[in-house]
Amino acid sequence: MLQFKPRPAPSCLWPNCSPIIPNRNPVLIEPGLLPSQGILFLGGEPKTGKSLLVANLAFALAAGGDHAGFKVSCPKRVLICQFELPTPQFALRLATMRKAVGNCADSNLFVDTRVSGHMLSSTAGLNHFLNSARSVQADVIVIDPLYSTHDQDENDTRAMAALCQALVRLRDSSKAALIVVHHIRKSAGRHELGSAFRGSSALHAVGDSYLLLARPSPQIPTVELRFQFRYAAAPPSRFLSLDDWP
């Protein structure tokens, strides 16, 4: 594992019932992007900056405060499970990003350096993810990308439904929120959001929010972010300059 450096509840008046304790931190990333123990799917076409954005979100969560246009009320412990880059190259990317936030994320940001080859679609693989999350007491688990964690046909609804249930088991057993980077369908329309992802019918059953990246123009280093939330009205789309990202 790689690391970058209340009042008591009132008694119940009725027998055989538990007191209801309100959740003090229902949303980890405002505005409504990542609910506590929720599942966020982040997608876009190839080379739109998905991995850069999710790494920025991981830093924002680990450091707290405002970052990349999102607000995190208090720091969270984040475990990154990424398959896109060799560990030394990914560590270099994080070190570059760290310059923008200083050392305030160091004690909360972790990278699973042994995740390669572990499949969420198998019991042993799921246990690896779960044990890694428990070992660092993760509040948030980042998976980038989803297709590297399974050997299923993403066009098979049953196979994707089984994979999504593995994500739910990981979330429920670890009690962590999930940020999952996933590809979209090649035929996805301009105005599609949650339905643009591969295996979207299965994803809709478990996803709490969806974030889609699009490049308005290949010549301009800007991405458009579009949102869809299950339990709340989504904010309007926004634009981010890639030049502003570490």
# chains A, B, ... in the order shown; residues from 1 in each chain; ligands from 1
$ residues_around --residues "region 211-220 of chain A" --least-positions-apart "2" --cutoff "9 Å" --atoms "only C-alpha atoms" --output "PyMOL selection string"
chain A and resi 33+40-45+48-50+184+193-194+196+209+222-229+241
$ atom_distance --atom1 "CA of Ala202 (chain A)" --atom2 "CA of Cys164 (chain A)"
6.8 Å
$ select_by_dssp --residues "region 25-155 of chain A" --states "alpha helix (DSSP H)" --output "count of residues only"
43
$ atom_distance --atom1 "CA of Ala55 (chain A)" --atom2 "CA of His67 (chain A)"
11.2 Å
$ residues_around --residues "His118 (chain A)" --least-positions-apart "6" --cutoff "9 Å" --atoms "only C-alpha atoms" --output "number ranges by chain"
A: 124-126, 128-129, 148-150
